[in-house]
>>> print(open('my_file11.txt').read())   # compact mmCIF, C-alpha atoms
# COMPACT_ATOMS: atom_id res chain seq x y z
CA MET A 1 22.58 -12.83 -5.46
CA SER A 2 23.34 -9.67 -7.40
CA ARG A 3 20.55 -7.55 -8.86
CA LYS A 4 21.52 -8.35 -12.46
CA HIS A 5 21.20 -12.10 -11.79
CA LEU A 6 17.75 -11.88 -10.21
CA PRO A 7 14.95 -13.57 -12.14
CA ALA A 8 12.31 -11.29 -13.67
CA VAL A 9 10.16 -9.83 -10.90
CA THR A 10 6.42 -10.28 -11.12
CA CYS A 11 4.22 -7.80 -9.31
CA SER A 12 0.77 -7.84 -7.75
CA VAL A 13 -0.90 -4.64 -6.55
CA LEU A 14 -3.24 -4.96 -3.55
CA VAL A 15 -5.90 -2.23 -3.35
CA ALA A 16 -7.78 -1.85 -0.03
CA THR A 17 -11.27 -0.38 -0.27
CA TYR A 18 -14.48 0.18 1.64
CA ASN A 19 -17.63 1.71 0.16
CA ARG A 20 -16.10 4.33 -2.14
CA PRO A 21 -16.80 2.95 -5.63
CA ASP A 22 -16.53 6.34 -7.35
CA VAL A 23 -13.01 6.81 -5.99
CA LEU A 24 -12.03 3.16 -6.50
CA LYS A 25 -12.89 3.41 -10.21
CA ARG A 26 -10.40 6.23 -10.68
CA CYS A 27 -7.76 4.45 -8.65
CA LEU A 28 -8.05 1.30 -10.74
CA LYS A 29 -8.08 3.23 -14.01
CA SER A 30 -4.82 4.90 -12.95
CA LEU A 31 -3.42 1.37 -12.50
CA PHE A 32 -4.61 0.39 -15.98
CA ARG A 33 -2.56 3.29 -17.41
CA GLN A 34 0.76 2.48 -15.77
CA SER A 35 3.94 2.64 -17.86
CA ARG A 36 4.78 -0.74 -16.35
CA LEU A 37 1.59 -2.68 -15.77
CA PRO A 38 1.35 -4.93 -12.73
CA ASP A 39 0.88 -8.61 -13.44
CA GLN A 40 -2.18 -8.80 -11.22
CA ILE A 41 -4.52 -6.42 -9.34
CA ILE A 42 -6.33 -7.59 -6.21
CA VAL A 43 -9.05 -5.44 -4.66
CA CYS A 44 -9.16 -6.14 -0.91
CA ASP A 45 -12.71 -5.20 0.05
CA ASP A 46 -13.51 -4.84 3.76
CA GLY A 47 -17.27 -5.25 3.42
CA SER A 48 -18.43 -2.80 0.75
CA GLY A 49 -21.97 -2.91 -0.60
CA PRO A 50 -23.18 -4.04 -4.05
CA GLU A 51 -22.23 -0.76 -5.76
CA THR A 52 -18.55 -1.58 -5.31
CA ARG A 53 -19.03 -5.12 -6.61
CA GLN A 54 -20.80 -3.78 -9.69
CA ALA A 55 -18.07 -1.22 -10.33
CA ILE A 56 -15.38 -3.88 -10.13
CA GLN A 57 -17.28 -6.24 -12.42
CA GLN A 58 -17.47 -3.48 -15.02
CA LEU A 59 -13.77 -2.68 -14.68
CA GLN A 60 -12.82 -6.35 -14.98
CA THR A 61 -13.86 -6.15 -18.63
CA GLU A 62 -11.52 -3.16 -19.15
CA SER A 63 -8.52 -4.27 -17.12
CA PRO A 64 -5.38 -5.13 -19.12
CA VAL A 65 -4.34 -7.60 -16.39
CA PRO A 66 -6.27 -10.01 -14.14
CA LEU A 67 -8.42 -8.02 -11.70
CA ILE A 68 -9.55 -10.03 -8.66
CA HIS A 69 -12.13 -8.97 -6.06
CA VAL A 70 -11.61 -10.38 -2.55
CA TRP A 71 -14.53 -9.50 -0.25
CA GLN A 72 -15.40 -10.09 3.37
CA ALA A 73 -18.52 -9.22 5.33
CA ASP A 74 -18.65 -5.84 7.05
CA GLU A 75 -17.81 -6.56 10.69
CA GLY A 76 -16.11 -3.27 11.46
CA PHE A 77 -12.63 -2.06 10.50
CA LYS A 78 -10.67 -5.26 9.74
CA LEU A 79 -8.04 -4.06 7.32
CA ALA A 80 -5.41 -6.51 8.56
CA GLN A 81 -7.70 -9.45 7.81
CA ILE A 82 -8.74 -8.39 4.31
CA ARG A 83 -5.15 -7.61 3.36
CA ASN A 84 -4.12 -11.10 4.45
CA LYS A 85 -6.83 -12.56 2.25
CA GLY A 86 -5.53 -10.49 -0.65
CA ILE A 87 -1.94 -11.55 -0.03
CA ALA A 88 -3.08 -15.19 -0.06
CA MET A 89 -4.51 -14.66 -3.56
CA ALA A 90 -1.38 -12.99 -4.90
CA THR A 91 0.66 -14.99 -7.39
CA SER A 92 3.57 -12.57 -7.86
CA SER A 93 6.94 -12.45 -6.11
CA TYR A 94 6.63 -8.74 -5.25
CA LEU A 95 3.57 -7.16 -3.67
CA ILE A 96 2.70 -3.45 -3.74
CA GLN A 97 0.06 -2.31 -1.29
CA ILE A 98 -2.10 0.77 -1.76
CA ASP A 99 -5.46 2.15 -0.65
CA GLY A 100 -8.33 2.57 -3.07
CA ASP A 101 -8.67 6.32 -2.50
CA VAL A 102 -5.53 7.33 -4.38
CA ILE A 103 -4.66 8.18 -7.96
CA LEU A 104 -1.27 6.85 -9.05
CA HIS A 105 1.45 8.66 -10.95
CA ARG A 106 1.90 7.05 -14.35
CA HIS A 107 5.27 5.57 -13.31
CA PHE A 108 4.19 4.42 -9.84
CA VAL A 109 4.62 0.69 -10.46
CA ARG A 110 7.79 1.18 -12.49
CA ASP A 111 9.35 3.23 -9.67
CA GLN A 112 8.47 0.54 -7.13
CA LEU A 113 10.05 -2.22 -9.18
CA ASN A 114 13.14 -0.20 -10.11
CA ILE A 115 14.00 0.23 -6.45
CA ALA A 116 13.07 -3.30 -5.28
CA LYS A 117 15.96 -5.05 -3.59
CA PRO A 118 16.28 -8.40 -1.75
CA GLY A 119 16.18 -8.08 2.02
CA VAL A 120 14.46 -4.68 1.86
CA PHE A 121 10.85 -3.53 2.09
CA TYR A 122 9.66 -0.02 1.31
CA SER A 123 7.22 2.62 2.41
CA GLY A 124 6.29 5.61 0.28
CA ASN A 125 4.38 8.83 0.78
CA GLN A 126 1.37 10.70 -0.58
CA PHE A 127 0.40 14.09 -1.89
CA HIS A 128 -2.93 15.01 -0.32
CA LEU A 129 -5.49 16.73 -2.51
CA THR A 130 -7.80 19.21 -0.82
CA GLN A 131 -11.54 18.67 -0.54
CA GLN A 132 -12.11 21.14 -3.39
CA GLU A 133 -9.47 19.51 -5.61
CA THR A 134 -10.94 16.08 -4.89
CA GLN A 135 -14.42 17.22 -5.83
CA GLN A 136 -13.06 18.74 -9.03
CA LEU A 137 -11.43 15.44 -9.95
CA LEU A 138 -14.48 13.34 -9.10
CA THR A 139 -16.78 15.49 -11.22
CA GLY A 140 -14.38 15.26 -14.14
CA SER A 141 -12.01 12.52 -15.23
CA LEU A 142 -8.40 11.50 -14.74
CA ALA A 143 -7.55 13.85 -17.60
CA SER A 144 -8.30 16.78 -15.27
CA LEU A 145 -5.55 15.80 -12.80
CA PRO A 146 -2.65 17.64 -14.53
CA LEU A 147 -4.62 20.88 -14.48
CA ILE A 148 -5.54 20.41 -10.82
CA LEU A 149 -1.89 19.80 -9.94
CA LYS A 150 -0.77 22.79 -11.98
CA GLN A 151 -2.98 25.00 -9.83
CA SER A 152 -2.09 23.23 -6.57
CA ARG A 153 0.78 23.78 -4.14
CA LEU A 154 4.20 22.40 -5.01
CA THR A 155 5.85 20.20 -2.38
CA TRP A 156 8.45 17.44 -2.52
CA HIS A 157 5.66 14.89 -1.98
CA ARG A 158 4.61 15.31 -5.62
CA MET A 159 8.03 15.79 -7.22
CA TRP A 160 9.06 12.99 -9.57
CA VAL A 161 12.87 12.92 -9.78
CA PRO A 162 13.98 9.42 -10.87
CA PHE A 163 17.72 9.87 -10.28
CA LEU A 164 17.10 10.78 -6.62
CA GLN A 165 15.01 7.73 -5.76
CA LYS A 166 17.79 5.20 -5.08
CA PRO A 167 20.18 7.60 -3.28
CA THR A 168 17.33 8.81 -1.08
CA ALA A 169 16.31 5.25 -0.21
CA ARG A 170 19.88 4.52 0.94
CA LEU A 171 20.22 7.67 3.02
CA TYR A 172 16.70 8.48 4.20
CA HIS A 173 16.43 6.65 7.52
CA TRP A 174 16.97 7.39 11.18
CA LYS A 175 16.08 6.17 14.67
CA ASP A 176 12.35 5.55 15.09
CA HIS A 177 11.86 5.79 11.33
CA TYR A 178 9.02 3.29 11.71
CA LEU A 179 6.89 6.30 12.73
CA TYR A 180 6.88 7.36 9.07
CA VAL A 181 5.56 4.10 7.66
CA SER A 182 2.52 4.64 5.46
CA GLY A 183 0.43 1.49 5.02
CA CYS A 184 -1.29 2.97 1.97
CA ASN A 185 2.01 2.89 0.05
CA MET A 186 4.19 -0.11 0.86
CA ALA A 187 5.98 -2.87 -1.06
CA PHE A 188 7.22 -6.28 0.10
CA TRP A 189 8.63 -9.55 -1.15
CA ARG A 190 5.89 -12.14 -0.82
CA GLU A 191 8.26 -14.64 0.75
CA ASP A 192 9.02 -12.15 3.55
CA LEU A 193 5.31 -11.75 4.30
CA LEU A 194 4.96 -15.54 4.45
CA ALA A 195 7.87 -15.70 6.90
CA VAL A 196 6.16 -13.36 9.40
CA ASN A 197 2.62 -14.69 8.73
CA GLY A 198 1.42 -11.44 7.20
CA TYR A 199 -0.71 -9.02 9.17
CA ASP A 200 -1.69 -9.69 12.78
CA GLU A 201 -5.47 -9.90 12.74
CA SER A 202 -5.72 -9.07 16.43
CA PHE A 203 -5.35 -5.48 15.20
CA THR A 204 -8.83 -4.11 14.51
CA GLY A 205 -9.89 -0.51 14.12
CA TRP A 206 -7.67 2.19 12.65
CA GLY A 207 -3.93 2.27 13.07
CA TRP A 208 -0.64 0.50 13.79
CA GLU A 209 -1.30 -2.82 12.03
CA ASP A 210 1.16 -1.71 9.33
CA THR A 211 3.70 -0.58 11.95
CA ASP A 212 3.43 -3.94 13.71
CA LEU A 213 4.15 -5.68 10.41
CA THR A 214 7.13 -3.36 10.00
CA PHE A 215 8.49 -4.32 13.43
CA ARG A 216 8.18 -8.04 12.72
CA LEU A 217 9.85 -7.74 9.31
CA MET A 218 12.69 -5.81 10.94
CA ASN A 219 12.93 -8.48 13.66
CA LEU A 220 13.26 -10.98 10.80
CA GLY A 221 16.28 -9.04 9.59
CA ARG A 222 14.66 -7.12 6.73
CA ARG A 223 15.50 -3.44 6.26
CA LEU A 224 12.91 -0.68 6.04
CA ARG A 225 13.63 1.99 3.46
CA PHE A 226 11.60 4.89 2.08
CA ILE A 227 10.77 5.87 -1.47
CA ARG A 228 10.95 9.59 -2.08
CA PHE A 229 10.73 11.51 -5.37
CA GLY A 230 8.94 8.57 -6.94
CA ALA A 231 6.09 6.04 -6.60
CA ILE A 232 3.82 9.05 -6.14
CA GLN A 233 0.23 8.85 -4.99
CA TYR A 234 -2.38 11.60 -5.06
CA HIS A 235 -4.65 11.01 -2.08
CA LEU A 236 -8.29 12.03 -2.46
CA TYR A 237 -9.80 13.89 0.46
CA HIS A 238 -12.08 12.17 2.97
CA PRO A 239 -12.97 12.82 6.62
CA PRO A 240 -10.56 11.06 9.02
CA SER A 241 -11.42 7.59 10.27
CA SER A 242 -12.22 6.99 13.93
CA ARG A 243 -9.07 6.82 16.06
CA ARG A 244 -10.83 5.00 18.89
CA ASP A 245 -8.55 1.95 18.78
CA GLN A 246 -5.33 3.76 17.98
CA GLU A 247 -3.80 3.75 21.46
CA SER A 248 -4.52 0.09 22.22
CA ASN A 249 -3.13 -0.87 18.81
CA ARG A 250 -0.02 1.23 19.45
CA GLN A 251 0.62 -0.48 22.76
CA ARG A 252 0.20 -3.93 21.19
CA ALA A 253 2.62 -3.10 18.37
CA LEU A 254 5.28 -1.71 20.74
CA ALA A 255 4.95 -4.77 22.97
CA ASN A 256 5.56 -7.04 19.96
CA ARG A 257 8.59 -4.95 19.01
CA ASP A 258 10.08 -5.17 22.49
CA ALA A 259 9.42 -8.93 22.66
CA HIS A 260 11.15 -9.38 19.26
CA VAL A 261 8.09 -11.09 17.81
CA ILE A 262 8.49 -12.25 14.21
CA TYR A 263 5.62 -14.63 13.50
CA CYS A 264 2.11 -13.56 14.53
CA GLN A 265 -0.33 -16.21 15.66
CA SER A 266 -3.45 -14.95 13.88
CA GLY A 267 -2.36 -14.14 10.38
CA LEU A 268 -1.90 -15.09 6.76
CA ALA A 269 -1.36 -18.85 7.11
CA LYS A 270 -5.03 -19.64 7.69
CA TYR A 271 -5.82 -18.58 4.09
CA LEU A 272 -3.02 -20.57 2.46
CA PRO A 273 -2.94 -24.23 1.36
CA ASP A 274 -1.52 -26.57 3.98
CA THR A 275 1.55 -27.15 1.81
CA ILE A 276 2.46 -23.46 2.09
CA SER A 277 1.27 -22.50 5.54
CA ARG A 278 3.57 -22.82 8.53
>>> encode(input="my_file11.txt", output="structure tokens")
Amino acid sequence: MSRKHLPAVTCSVLVATYNRPDVLKRCLKSLFRQSRLPDQIIVCDDGSGPETRQAIQQLQTESPVPLIHVWQADEGFKLAQIRNKGIAMATSSYLIQIDGDVILHRHFVRDQLNIAKPGVFYSGNQFHLTQQETQQLLTGSLASLPLILKQSRLTWHRMWVPFLQKPTARLYHWKDHYLYVSGCNMAFWREDLLAVNGYDESFTGWGWEDTDLTFRLMNLGRRLRFIRFGAIQYHLYHPPSSRRDQESNRQRALANRDAHVIYCQSGLAKYLPDTISR
């Protein structure tokens, strides 16, 4: 089916968070100000305390689109599980996945949808703010971001060049390009996530659950492409998460790749109605 004959694309944005309500507020407000609003926002909460719930309840009264809070108890780092629960709540055909510690460029959602293409899923990149720049933003408001950026370093990660986005996505790939997947900035067709059963919940702790999903989508025949010069995120500083489980997760993901696994056994289906699940 050609692009011009595709039905109108609806879009849900999934926002992963854990116990950073001050940052989450700014992230969600940057979503509220998008030039192309999403049709739905789903906060995927991996066990935050009551402060986060209160912040979301307040923002639900301000949100221009439905804002849903999906929460699970804090049982350690279970990002794969909470993202599956968020995906199960999504009602749109196209899903954009971000973390709750980013501020979005005003055209973030529009850029994602302009480049969306059947049979393709995308990963983007981030511009990382320093600890000082992050503190400056958190003590002010979103209105202070342009000034912070004006004083910050200039790299291609923060350059918005619309006419380069599609050519770059066609050309910007190479062997082992899965190494550059960034789970905090990805976009998928919902039907493709259903076909691979979403995230593999055997991945716990930090790292490689998004790469494993990438491998299984590629095994399904979907193409990975990268968004550059658009869909920009400004990542707020925080200390790095524990990498304790990184190596075991890496080995599991590579084993699934080599075995040509498509459908994971512990995944999305358990949260879907029986009529939809596999």
>>> closest_residue(input="my_file11.txt", among="A:Asp245, A:Asp111, A:Asp101, A:Glu191", to="Val43 (chain A)", atoms="all atoms listed in the file")
A:Asp101
>>> residues_around(input="my_file11.txt", residues="Arg252 (chain A)", least_positions_apart="5", cutoff="12 Å", atoms="only C-alpha atoms", output="list in words")
Asp200, Glu201, Ser202, Phe203, Thr204, Gly207, Trp208, Glu209, Thr211, Asp212, Leu213, Phe215, Asp245, Gln246, Glu247, Arg257, Asp258, Ala259, Val261 and Cys264 of chain A
>>> atom_distance(input="my_file11.txt", atom1="CA of Ile41 (chain A)", atom2="CA of Val13 (chain A)")
4.9 Å
>>> closest_residue(input="my_file11.txt", among="A:Ala255, A:Leu14, A:Ile232, A:Ile96", to="Phe188 (chain A)", atoms="only C-alpha atoms")
A:Ile96
>>> residues_around(input="my_file11.txt", residues="His238 (chain A)", least_positions_apart="4", cutoff="12 Å", atoms="only C-alpha atoms", output="list in words")
Arg20, Val23, Gly100, Asp101, Val102, His128, Leu129, Thr130, Gln131, Gln132, Glu133, Thr134 and Gln135 of chain A
>>> closest_atom_pairs(input="my_file11.txt", of="region 233-275 of chain A", to="region 156-161 of chain A", cutoff="12 Å", atoms="all atoms listed in the file", output="tab-separated table")
residue	atom	partner	partner_atom	distance
A:Gln233	CA	A:Arg158	CA	7.8
A:Tyr234	CA	A:Arg158	CA	7.9
A:His235	CA	A:Arg158	CA	10.8
>>> axis_aligned_box(input="my_file11.txt", around="region 134-146 of chain A", padding_each_side="4 Å", output="AutoDock Vina command-line options")
--center_x -9.7 --center_y 15.1 --center_z -11.2 --size_x 22.1 --size_y 15.2 --size_z 20.7
>>> closest_residue(input="my_file11.txt", among="A:Pro118, A:Thr61, A:Ser266, A:Leu142", to="Arg222 (chain A)", atoms="all atoms listed in the file")
A:Pro118
>>> decode(input="my_file11.txt", residues="region 159-183 of chain A", atoms="N, CA, C and O atoms", output="JSON list (two decimals), in the first residue's frame")
[["chain", "number", "residue", "atom", "x", "y", "z"],
["A", 159, "MET", "N", 20.45, 19.30, 16.20],
["A", 159, "MET", "CA", 20.16, 20.06, 14.99],
["A", 159, "MET", "C", 18.88, 19.58, 14.34],
["A", 159, "MET", "O", 18.75, 18.38, 14.03],
["A", 160, "TRP", "N", 17.93, 20.47, 14.17],
["A", 160, "TRP", "CA", 16.65, 20.13, 13.55],
["A", 160, "TRP", "C", 16.69, 20.59, 12.09],
["A", 160, "TRP", "O", 16.66, 21.78, 11.79],
["A", 161, "VAL", "N", 16.79, 19.60, 11.18],
["A", 161, "VAL", "CA", 16.89, 19.88, 9.75],
["A", 161, "VAL", "C", 15.88, 18.98, 9.04],
["A", 161, "VAL", "O", 16.21, 17.85, 8.65],
["A", 162, "PRO", "N", 14.64, 19.42, 8.88],
["A", 162, "PRO", "CA", 13.58, 18.54, 8.38],
["A", 162, "PRO", "C", 13.89, 17.86, 7.05],
["A", 162, "PRO", "O", 13.59, 16.67, 6.88],
["A", 163, "PHE", "N", 14.50, 18.56, 6.10],
["A", 163, "PHE", "CA", 14.70, 17.97, 4.78],
["A", 163, "PHE", "C", 15.76, 16.87, 4.78],
["A", 163, "PHE", "O", 15.87, 16.11, 3.81],
["A", 164, "LEU", "N", 16.53, 16.74, 5.87],
["A", 164, "LEU", "CA", 17.53, 15.68, 5.96],
["A", 164, "LEU", "C", 17.01, 14.42, 6.65],
["A", 164, "LEU", "O", 17.67, 13.37, 6.62],
["A", 165, "GLN", "N", 15.84, 14.49, 7.24],
["A", 165, "GLN", "CA", 15.37, 13.36, 8.06],
["A", 165, "GLN", "C", 15.11, 12.10, 7.22],
["A", 165, "GLN", "O", 15.59, 11.01, 7.56],
["A", 166, "LYS", "N", 14.38, 12.22, 6.13],
["A", 166, "LYS", "CA", 14.07, 11.03, 5.33],
["A", 166, "LYS", "C", 15.29, 10.49, 4.59],
["A", 166, "LYS", "O", 15.52, 9.27, 4.58],
["A", 167, "PRO", "N", 16.11, 11.35, 3.94],
["A", 167, "PRO", "CA", 17.31, 10.81, 3.30],
["A", 167, "PRO", "C", 18.25, 10.11, 4.29],
["A", 167, "PRO", "O", 18.83, 9.06, 3.98],
["A", 168, "THR", "N", 18.40, 10.69, 5.48],
["A", 168, "THR", "CA", 19.27, 10.08, 6.48],
["A", 168, "THR", "C", 18.73, 8.73, 6.92],
["A", 168, "THR", "O", 19.49, 7.76, 7.09],
["A", 169, "ALA", "N", 17.42, 8.62, 7.09],
["A", 169, "ALA", "CA", 16.83, 7.35, 7.50],
["A", 169, "ALA", "C", 17.06, 6.26, 6.46],
["A", 169, "ALA", "O", 17.23, 5.09, 6.79],
["A", 170, "ARG", "N", 17.08, 6.63, 5.18],
["A", 170, "ARG", "CA", 17.33, 5.65, 4.12],
["A", 170, "ARG", "C", 18.79, 5.20, 4.09],
["A", 170, "ARG", "O", 19.09, 4.04, 3.81],
["A", 171, "LEU", "N", 19.69, 6.12, 4.40],
["A", 171, "LEU", "CA", 21.11, 5.86, 4.18],
["A", 171, "LEU", "C", 21.88, 5.50, 5.46],
["A", 171, "LEU", "O", 22.95, 4.90, 5.37],
["A", 172, "TYR", "N", 21.33, 5.85, 6.61],
["A", 172, "TYR", "CA", 22.07, 5.77, 7.86],
["A", 172, "TYR", "C", 21.90, 4.38, 8.49],
["A", 172, "TYR", "O", 21.16, 4.20, 9.45],
["A", 173, "HIS", "N", 22.56, 3.39, 7.94],
["A", 173, "HIS", "CA", 22.54, 2.06, 8.55],
["A", 173, "HIS", "C", 23.76, 1.29, 8.07],
["A", 173, "HIS", "O", 24.34, 1.58, 7.02],
["A", 174, "TRP", "N", 24.15, 0.31, 8.86],
["A", 174, "TRP", "CA", 25.36, -0.45, 8.57],
["A", 174, "TRP", "C", 25.30, -1.75, 9.36],
["A", 174, "TRP", "O", 24.39, -2.00, 10.15],
["A", 175, "LYS", "N", 26.30, -2.61, 9.17],
["A", 175, "LYS", "CA", 26.37, -3.86, 9.93],
["A", 175, "LYS", "C", 26.45, -3.57, 11.42],
["A", 175, "LYS", "O", 27.14, -2.64, 11.85],
["A", 176, "ASP", "N", 25.75, -4.36, 12.20],
["A", 176, "ASP", "CA", 25.70, -4.20, 13.66],
["A", 176, "ASP", "C", 25.10, -2.86, 14.08],
["A", 176, "ASP", "O", 25.41, -2.33, 15.14],
["A", 177, "HIS", "N", 24.21, -2.31, 13.24],
["A", 177, "HIS", "CA", 23.61, -1.03, 13.60],
["A", 177, "HIS", "C", 22.67, -1.15, 14.80],
["A", 177, "HIS", "O", 22.29, -0.14, 15.38],
["A", 178, "TYR", "N", 22.35, -2.37, 15.21],
["A", 178, "TYR", "CA", 21.53, -2.55, 16.39],
["A", 178, "TYR", "C", 22.23, -1.99, 17.64],
["A", 178, "TYR", "O", 21.58, -1.67, 18.64],
["A", 179, "LEU", "N", 23.54, -1.87, 17.60],
["A", 179, "LEU", "CA", 24.29, -1.34, 18.74],
["A", 179, "LEU", "C", 23.92, 0.11, 19.05],
["A", 179, "LEU", "O", 24.18, 0.61, 20.14],
["A", 180, "TYR", "N", 23.29, 0.78, 18.09],
["A", 180, "TYR", "CA", 22.97, 2.19, 18.25],
["A", 180, "TYR", "C", 21.49, 2.42, 18.56],
["A", 180, "TYR", "O", 21.03, 3.56, 18.55],
["A", 181, "VAL", "N", 20.79, 1.35, 18.84],
["A", 181, "VAL", "CA", 19.39, 1.48, 19.25],
["A", 181, "VAL", "C", 19.30, 2.17, 20.60],
["A", 181, "VAL", "O", 20.07, 1.88, 21.52],
["A", 182, "SER", "N", 18.37, 3.10, 20.71],
["A", 182, "SER", "CA", 18.17, 3.84, 21.95],
["A", 182, "SER", "C", 16.72, 3.65, 22.39],
["A", 182, "SER", "O", 15.80, 4.23, 21.80],
["A", 183, "GLY", "N", 16.52, 2.83, 23.43],
["A", 183, "GLY", "CA", 15.17, 2.51, 23.86],
["A", 183, "GLY", "C", 14.37, 3.69, 24.36],
["A", 183, "GLY", "O", 13.14, 3.62, 24.43]]
